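Listing of upload.txt, compact mmCIF, C-alpha atoms
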# COMPACT_ATOMS: atom_id res chain seq x y z
CA MET A 1 -28.31 -9.72 1.93
CA LEU A 2 -28.66 -8.05 -1.49
CA GLY A 3 -28.33 -11.43 -3.15
CA THR A 4 -25.09 -12.46 -1.45
CA HIS A 5 -24.30 -15.68 0.40
CA ASP A 6 -21.70 -17.04 2.84
CA LEU A 7 -21.02 -13.56 4.19
CA GLY A 8 -19.11 -14.89 7.19
CA LEU A 9 -16.74 -16.86 4.94
CA PHE A 10 -16.31 -13.78 2.75
CA ILE A 11 -15.37 -11.63 5.76
CA ALA A 12 -12.90 -14.21 7.09
CA SER A 13 -11.32 -14.70 3.68
CA GLY A 14 -11.11 -10.95 3.13
CA LEU A 15 -9.36 -10.41 6.45
CA LEU A 16 -6.77 -13.08 5.67
CA LEU A 17 -6.19 -11.59 2.23
CA ASN A 18 -5.80 -8.09 3.70
CA MET A 19 -3.22 -9.41 6.15
CA THR A 20 -1.05 -10.76 3.34
CA PRO A 21 2.13 -8.64 3.13
CA GLY A 22 2.48 -6.45 0.06
CA PRO A 23 3.44 -2.93 -1.05
CA ASP A 24 0.36 -1.43 0.64
CA SER A 25 1.30 -2.90 4.02
CA LEU A 26 4.93 -1.87 3.63
CA LEU A 27 3.96 1.71 2.85
CA ILE A 28 1.75 1.90 5.95
CA MET A 29 4.44 0.41 8.18
CA ALA A 30 7.18 2.68 6.83
CA ARG A 31 5.14 5.87 7.20
CA SER A 32 3.81 4.95 10.64
CA ALA A 33 7.20 3.99 12.05
CA THR A 34 8.89 7.17 10.84
CA GLN A 35 6.11 9.78 11.14
CA GLY A 36 3.55 8.33 13.52
CA PHE A 37 -0.03 7.05 13.39
CA ARG A 38 -1.50 9.97 11.44
CA ALA A 39 0.92 9.37 8.57
CA GLY A 40 0.14 5.66 8.57
CA SER A 41 -3.58 6.43 8.65
CA ALA A 42 -3.20 8.77 5.66
CA ALA A 43 -1.48 5.99 3.71
CA ALA A 44 -4.21 3.52 4.72
CA LEU A 45 -7.00 5.90 3.68
CA GLY A 46 -5.29 6.46 0.34
CA ILE A 47 -5.14 2.70 -0.16
CA GLY A 48 -8.81 2.44 0.78
CA ALA A 49 -9.69 5.13 -1.77
CA GLY A 50 -7.80 3.19 -4.42
CA THR A 51 -9.66 0.04 -3.45
CA CYS A 52 -12.96 1.90 -3.88
CA VAL A 53 -11.95 2.73 -7.46
CA HIS A 54 -11.23 -0.95 -8.18
CA ILE A 55 -14.50 -2.06 -6.60
CA LEU A 56 -16.53 0.46 -8.59
CA ALA A 57 -14.71 -0.44 -11.80
CA ALA A 58 -15.32 -4.15 -11.25
CA ALA A 59 -19.00 -3.58 -10.42
CA LEU A 60 -19.46 -1.54 -13.62
CA GLY A 61 -17.60 -4.06 -15.76
CA LEU A 62 -14.57 -1.87 -16.41
CA SER A 63 -12.24 -4.44 -14.87
CA ALA A 64 -13.62 -7.00 -17.30
CA LEU A 65 -12.61 -4.70 -20.15
CA LEU A 66 -9.16 -4.37 -18.59
CA SER A 67 -8.92 -8.14 -18.37
CA ALA A 68 -9.95 -8.52 -22.01
CA SER A 69 -7.56 -5.89 -23.35
CA THR A 70 -3.89 -6.83 -23.28
CA ALA A 71 -2.86 -3.31 -24.27
CA ALA A 72 -4.88 -1.62 -21.49
CA PHE A 73 -3.62 -4.09 -18.92
CA THR A 74 -0.02 -3.54 -20.01
CA VAL A 75 -0.30 0.26 -19.84
CA VAL A 76 -1.76 0.26 -16.31
CA LYS A 77 0.68 -2.44 -15.21
CA LEU A 78 3.72 -0.49 -16.42
CA LEU A 79 2.46 2.73 -14.82
CA GLY A 80 2.03 0.92 -11.51
CA ALA A 81 5.43 -0.76 -11.79
CA ALA A 82 7.12 2.55 -12.59
CA TYR A 83 5.51 4.21 -9.56
CA LEU A 84 6.61 1.40 -7.22
CA VAL A 85 10.15 1.66 -8.57
CA TYR A 86 10.00 5.44 -8.06
CA LEU A 87 8.91 5.01 -4.44
CA GLY A 88 11.52 2.34 -3.81
CA ALA A 89 14.33 4.42 -5.31
CA GLY A 90 13.24 7.39 -3.21
CA MET A 91 13.40 5.36 -0.01
CA LEU A 92 16.77 3.89 -0.95
CA PHE A 93 18.58 7.04 -2.03
CA LYS A 94 16.98 10.10 -0.41
CA ARG A 95 18.19 9.27 3.08
CA ARG A 96 21.59 8.33 1.74
CA ALA A 97 21.85 11.69 -0.02
CA ALA A 98 20.88 13.45 3.20
CA GLU A 99 23.63 11.61 5.07
CA ASP A 100 26.22 12.48 2.43
CA GLY A 101 25.17 16.11 2.61
CA ALA A 102 25.36 16.08 6.40
CA GLY A 103 28.90 14.78 6.24
CA ASP A 104 30.13 17.70 4.07
CA GLY A 105 31.27 19.77 7.00
CA GLY A 106 34.11 21.53 5.21
CA ASP A 107 35.87 23.67 7.79
CA ARG A 108 33.09 23.29 10.36
CA LYS A 109 34.31 22.62 13.86
CA THR A 110 31.46 20.29 14.80
CA LEU A 111 30.73 16.90 13.31
CA ALA A 112 27.44 16.87 11.41
CA VAL A 113 25.00 14.24 12.57
CA PRO A 114 22.90 12.46 9.94
CA THR A 115 19.26 13.38 10.28
CA ALA A 116 16.06 11.88 8.91
CA PRO A 117 14.53 13.49 5.82
CA PRO A 118 11.71 16.01 6.39
CA ALA A 119 8.33 14.51 7.16
CA ALA A 120 6.12 14.20 4.09
CA PRO A 121 2.79 16.08 4.21
CA LEU A 122 -0.26 13.93 4.88
CA ARG A 123 -1.82 14.73 1.51
CA LYS A 124 1.29 13.42 -0.24
CA ILE A 125 1.22 10.23 1.82
CA PHE A 126 -2.48 9.80 0.99
CA ALA A 127 -1.63 10.17 -2.72
CA GLN A 128 1.15 7.60 -2.41
CA GLY A 129 -1.25 5.08 -0.87
CA PHE A 130 -3.86 5.80 -3.53
CA LEU A 131 -1.46 5.44 -6.45
CA THR A 132 0.26 2.28 -5.21
CA ASN A 133 -3.17 0.64 -5.07
CA VAL A 134 -5.07 2.09 -8.02
CA LEU A 135 -2.19 1.61 -10.48
CA ASN A 136 -2.00 -2.12 -9.76
CA PRO A 137 -4.30 -3.84 -12.29
CA LYS A 138 -3.97 -7.12 -10.40
CA VAL A 139 -6.13 -5.65 -7.63
CA GLY A 140 -9.01 -5.00 -10.03
CA LEU A 141 -8.70 -8.47 -11.53
CA PHE A 142 -8.65 -9.94 -8.03
CA PHE A 143 -12.01 -8.36 -7.19
CA LEU A 144 -13.38 -9.54 -10.53
CA ALA A 145 -12.39 -13.13 -9.69
CA PHE A 146 -13.01 -13.23 -5.93
CA VAL A 147 -16.20 -11.28 -5.21
CA PRO A 148 -18.61 -12.98 -7.71
CA GLN A 149 -18.12 -16.29 -5.87
CA PHE A 150 -20.26 -14.83 -3.06
CA ILE A 151 -23.06 -13.42 -5.23
CA SER A 152 -26.13 -15.56 -5.80
CA ALA A 153 -27.14 -16.34 -9.36
CA ASP A 154 -30.62 -14.95 -8.68
CA ALA A 155 -29.40 -11.70 -7.06
CA PRO A 156 -31.81 -8.84 -7.88
CA SER A 157 -28.86 -6.60 -8.78
CA THR A 158 -25.41 -8.03 -9.36
CA ALA A 159 -23.85 -4.56 -9.31
CA ALA A 160 -25.46 -3.71 -5.95
CA ALA A 161 -24.33 -7.03 -4.47
CA PHE A 162 -20.83 -6.42 -5.79
CA LEU A 163 -20.69 -2.93 -4.29
CA PHE A 164 -21.97 -4.23 -0.95
CA LEU A 165 -19.36 -6.98 -0.75
CA GLY A 166 -16.66 -4.58 -1.92
CA ALA A 167 -17.61 -2.14 0.83
CA VAL A 168 -17.45 -4.92 3.44
CA PHE A 169 -14.03 -5.96 2.15
CA ASN A 170 -12.75 -2.39 2.23
CA VAL A 171 -14.04 -1.68 5.75
CA ASN A 172 -12.32 -4.83 7.01
CA GLY A 173 -9.19 -3.78 5.16
CA MET A 174 -9.24 -0.35 6.77
CA LEU A 175 -9.58 -1.87 10.23
CA TRP A 176 -6.55 -4.07 9.61
CA CYS A 177 -4.54 -1.26 7.98
CA HIS A 178 -5.17 1.09 10.91
CA LEU A 179 -4.23 -1.63 13.39
CA LEU A 180 -1.01 -2.08 11.41
CA ALA A 181 -0.47 1.69 11.41
CA TRP A 182 -1.01 1.92 15.17
CA SER A 183 1.31 -0.99 16.03
CA SER A 184 4.02 0.33 13.70
CA ALA A 185 3.68 3.84 15.17
CA VAL A 186 3.98 2.50 18.71
CA ALA A 187 7.08 0.50 17.81
CA GLY A 188 8.59 3.52 16.07
CA ALA A 189 7.85 5.83 19.01
CA ARG A 190 9.48 3.46 21.50
CA ALA A 191 12.61 3.17 19.37
CA ARG A 192 12.83 6.86 18.49
CA GLY A 193 15.61 8.66 20.29
CA GLN A 194 17.67 5.53 20.87
CA GLY A 195 21.14 5.57 19.36
CA TRP A 196 20.74 2.21 17.67
CA ALA A 197 17.28 3.09 16.37
CA ARG A 198 18.63 5.61 13.86
CA THR A 199 20.92 3.02 12.29
CA LEU A 200 18.22 0.34 12.36
CA GLY A 201 15.65 2.73 10.87
CA ARG A 202 18.09 3.69 8.13
CA TRP A 203 18.61 0.08 7.08
CA LEU A 204 14.93 -0.78 7.41
CA ASN A 205 14.13 2.18 5.16
CA ARG A 206 16.61 0.92 2.60
CA GLY A 207 15.27 -2.63 2.92
CA ILE A 208 11.68 -1.50 2.35
CA GLY A 209 12.85 0.59 -0.60
CA ALA A 210 14.51 -2.49 -2.08
CA LEU A 211 11.28 -4.45 -1.59
CA PHE A 212 9.32 -1.74 -3.41
CA LEU A 213 11.77 -2.04 -6.28
CA ALA A 214 11.26 -5.82 -6.29
CA PHE A 215 7.46 -5.41 -6.24
CA GLY A 216 7.74 -2.98 -9.16
CA VAL A 217 9.85 -5.39 -11.21
CA ARG A 218 7.50 -8.27 -10.41
CA LEU A 219 4.47 -6.22 -11.43
CA ALA A 220 6.17 -5.18 -14.68
CA MET A 221 6.76 -8.86 -15.49
CA ALA A 222 3.26 -9.98 -14.48
CA GLU A 223 0.86 -11.33 -17.08
CA MET A 224 -2.94 -11.36 -17.13
CA ALA A 225 -4.42 -14.35 -15.31

What's the structure tokens form of this structure?
Amino acid sequence: MLGTHDLGLFIASGLLLNMTPGPDSLLIMARSATQGFRAGSAAALGIGAGTCVHILAAALGLSALLSASTAAFTVVKLLGAAYLVYLGAGMLFKRRAAEDGAGDGGDRKTLAVPTAPPAAPLRKIFAQGFLTNVLNPKVGLFFLAFVPQFISADAPSTAAAFLFLGAVFNVNGMLWCHLLAWSSAVAGARARGQGWARTLGRWLNRGIGALFLAFGVRLAMAEMA
């Protein structure tokens, strides 16, 4: 179709690649577990929008320019790394600050109970998903290396074939991301309200924040393939 080949292998490979854990998956899981399916879906849709940007850029040859320019790659890479570190630091320290504030009871007669931070608006979660994806230059270079393997040499339009395969990849990715959001939301809903769940959620939040920091550092140290 449109000059592509081995579509079944492409779909299977794309699903396996989408299932590989990374900052996108962690963001979906964290938002779904703490705020429910709609929040996880917003993160997933933001990630999908970022993927669309990478697919379009690769189809138009912009990713090739990024690959050829060390300076451009470094700028985008450092922006993406800084944003991941920002997200990770927020997850590590915001809840801790809220707990410290809750404990400042002064002369209050009742003991303050630590509470979760306010739920983030869906548009903000969408933006987080979009930025974590679109500011990672490795995603664009991945599409540039992976997708052409499934485009025939005699394809009538390489760009059209690229866009078609990119759309297939993104649809499969959205199906997986929403399944991940739903399962994380269900697990979070079952645990919510339990005494141990608050402590577990607090440490999971910190753990995911630490992983975001690690992803940011790894991205900052990454080199062009």

Quote the spacing between CA of Ser157 (chain A) and CA of Gly3 (chain A) in Å to one decimal place.
->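 Rounded to one decimal, the two atoms are 7.4 Å apart.
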
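Comparing the minimum interatomic distances between Thr51 (chain A) and each of A:Val85, A:Ala214, A:Met221, A:Leu141, counting only C-alpha atoms, we find that A:Leu141 sits nearest.
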
Worksheet entry | Within 7 Å of file point (8.1, 6.2, 16.3), counting only C-alpha atoms, expressed as a VMD selection string | chain A and resid 33 to 36 185 to 192

### Message
Please determine, counting all atoms listed in the file, which residue among A:Leu122, A:Val76, A:Ala181, A:Ile55 has the shortest atom-to-atom distance to Ala167 (chain A).
### Response
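Of all the options, A:Ile55 lies closest to Ala167 (chain A).
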
_Please report the interatomic distance between CA of Leu26 (chain A) and CA of Gly8 (chain A) in Å with one decimal._
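Going from CA of Leu26 (chain A) over to CA of Gly8 (chain A), I get 27.6 Å.
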
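Of the listed residues A:Ala120, A:Leu180, A:His5, A:Leu56, the one whose atoms come nearest to Asp154 (chain A) is A:His5, with distances taken using all atoms listed in the file.
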
As a PDB file, in the coordinates of the input, could you write out region 20-42 of chain A once it has been completed with N, CA and C atoms?
ATOM      1  N   THR A  20      -2.184 -10.298   4.130  1.00  0.00           N
ATOM      2  CA  THR A  20      -1.050 -10.760   3.340  1.00  0.00           C
ATOM      3  C   THR A  20      -0.104  -9.607   3.053  1.00  0.00           C
ATOM      4  N   PRO A  21       1.194  -9.750   3.353  1.00  0.00           N
ATOM      5  CA  PRO A  21       2.130  -8.640   3.130  1.00  0.00           C
ATOM      6  C   PRO A  21       2.215  -8.248   1.658  1.00  0.00           C
ATOM      7  N   GLY A  22       2.370  -6.972   1.414  1.00  0.00           N
ATOM      8  CA  GLY A  22       2.480  -6.450   0.060  1.00  0.00           C
ATOM      9  C   GLY A  22       2.917  -5.004   0.108  1.00  0.00           C
ATOM     10  N   PRO A  23       2.990  -4.324  -1.045  1.00  0.00           N
ATOM     11  CA  PRO A  23       3.440  -2.930  -1.050  1.00  0.00           C
ATOM     12  C   PRO A  23       2.555  -2.002  -0.231  1.00  0.00           C
ATOM     13  N   ASP A  24       1.245  -2.271  -0.172  1.00  0.00           N
ATOM     14  CA  ASP A  24       0.360  -1.430   0.640  1.00  0.00           C
ATOM     15  C   ASP A  24       0.749  -1.497   2.110  1.00  0.00           C
ATOM     16  N   SER A  25       0.926  -2.722   2.605  1.00  0.00           N
ATOM     17  CA  SER A  25       1.300  -2.900   4.020  1.00  0.00           C
ATOM     18  C   SER A  25       2.646  -2.268   4.319  1.00  0.00           C
ATOM     19  N   LEU A  26       3.603  -2.439   3.409  1.00  0.00           N
ATOM     20  CA  LEU A  26       4.930  -1.870   3.630  1.00  0.00           C
ATOM     21  C   LEU A  26       4.886  -0.357   3.689  1.00  0.00           C
ATOM     22  N   LEU A  27       4.070   0.252   2.833  1.00  0.00           N
ATOM     23  CA  LEU A  27       3.960   1.710   2.850  1.00  0.00           C
ATOM     24  C   LEU A  27       3.388   2.194   4.180  1.00  0.00           C
ATOM     25  N   ILE A  28       2.356   1.528   4.675  1.00  0.00           N
ATOM     26  CA  ILE A  28       1.750   1.900   5.950  1.00  0.00           C
ATOM     27  C   ILE A  28       2.759   1.767   7.090  1.00  0.00           C
ATOM     28  N   MET A  29       3.467   0.651   7.117  1.00  0.00           N
ATOM     29  CA  MET A  29       4.440   0.410   8.180  1.00  0.00           C
ATOM     30  C   MET A  29       5.570   1.446   8.144  1.00  0.00           C
ATOM     31  N   ALA A  30       6.067   1.736   6.944  1.00  0.00           N
ATOM     32  CA  ALA A  30       7.180   2.680   6.830  1.00  0.00           C
ATOM     33  C   ALA A  30       6.757   4.077   7.278  1.00  0.00           C
ATOM     34  N   ARG A  31       5.596   4.539   6.828  1.00  0.00           N
ATOM     35  CA  ARG A  31       5.140   5.870   7.200  1.00  0.00           C
ATOM     36  C   ARG A  31       4.795   5.964   8.676  1.00  0.00           C
ATOM     37  N   SER A  32       4.187   4.929   9.218  1.00  0.00           N
ATOM     38  CA  SER A  32       3.810   4.950  10.640  1.00  0.00           C
ATOM     39  C   SER A  32       5.039   4.940  11.530  1.00  0.00           C
ATOM     40  N   ALA A  33       6.013   4.111  11.201  1.00  0.00           N
ATOM     41  CA  ALA A  33       7.200   3.990  12.050  1.00  0.00           C
ATOM     42  C   ALA A  33       8.028   5.260  12.052  1.00  0.00           C
ATOM     43  N   THR A  34       8.038   5.982  10.923  1.00  0.00           N
ATOM     44  CA  THR A  34       8.890   7.170  10.840  1.00  0.00           C
ATOM     45  C   THR A  34       8.166   8.467  11.177  1.00  0.00           C
ATOM     46  N   GLN A  35       6.830   8.520  10.930  1.00  0.00           N
ATOM     47  CA  GLN A  35       6.110   9.780  11.140  1.00  0.00           C
ATOM     48  C   GLN A  35       4.915   9.663  12.082  1.00  0.00           C
ATOM     49  N   GLY A  36       4.627   8.476  12.569  1.00  0.00           N
ATOM     50  CA  GLY A  36       3.550   8.330  13.520  1.00  0.00           C
ATOM     51  C   GLY A  36       2.243   7.823  12.915  1.00  0.00           C
ATOM     52  N   PHE A  37       1.238   7.664  13.780  1.00  0.00           N
ATOM     53  CA  PHE A  37      -0.030   7.050  13.390  1.00  0.00           C
ATOM     54  C   PHE A  37      -0.759   7.843  12.311  1.00  0.00           C
ATOM     55  N   ARG A  38      -0.753   9.175  12.415  1.00  0.00           N
ATOM     56  CA  ARG A  38      -1.500   9.970  11.440  1.00  0.00           C
ATOM     57  C   ARG A  38      -0.973   9.751  10.028  1.00  0.00           C
ATOM     58  N   ALA A  39       0.343   9.629   9.886  1.00  0.00           N
ATOM     59  CA  ALA A  39       0.920   9.370   8.570  1.00  0.00           C
ATOM     60  C   ALA A  39       0.515   7.989   8.068  1.00  0.00           C
ATOM     61  N   GLY A  40       0.559   6.996   8.960  1.00  0.00           N
ATOM     62  CA  GLY A  40       0.140   5.660   8.570  1.00  0.00           C
ATOM     63  C   GLY A  40      -1.332   5.612   8.208  1.00  0.00           C
ATOM     64  N   SER A  41      -2.150   6.364   8.946  1.00  0.00           N
ATOM     65  CA  SER A  41      -3.580   6.430   8.650  1.00  0.00           C
ATOM     66  C   SER A  41      -3.823   7.074   7.293  1.00  0.00           C
ATOM     67  N   ALA A  42      -3.060   8.118   6.970  1.00  0.00           N
ATOM     68  CA  ALA A  42      -3.200   8.770   5.660  1.00  0.00           C
ATOM     69  C   ALA A  42      -2.883   7.800   4.534  1.00  0.00           C
TER      70      ALA A  42
END
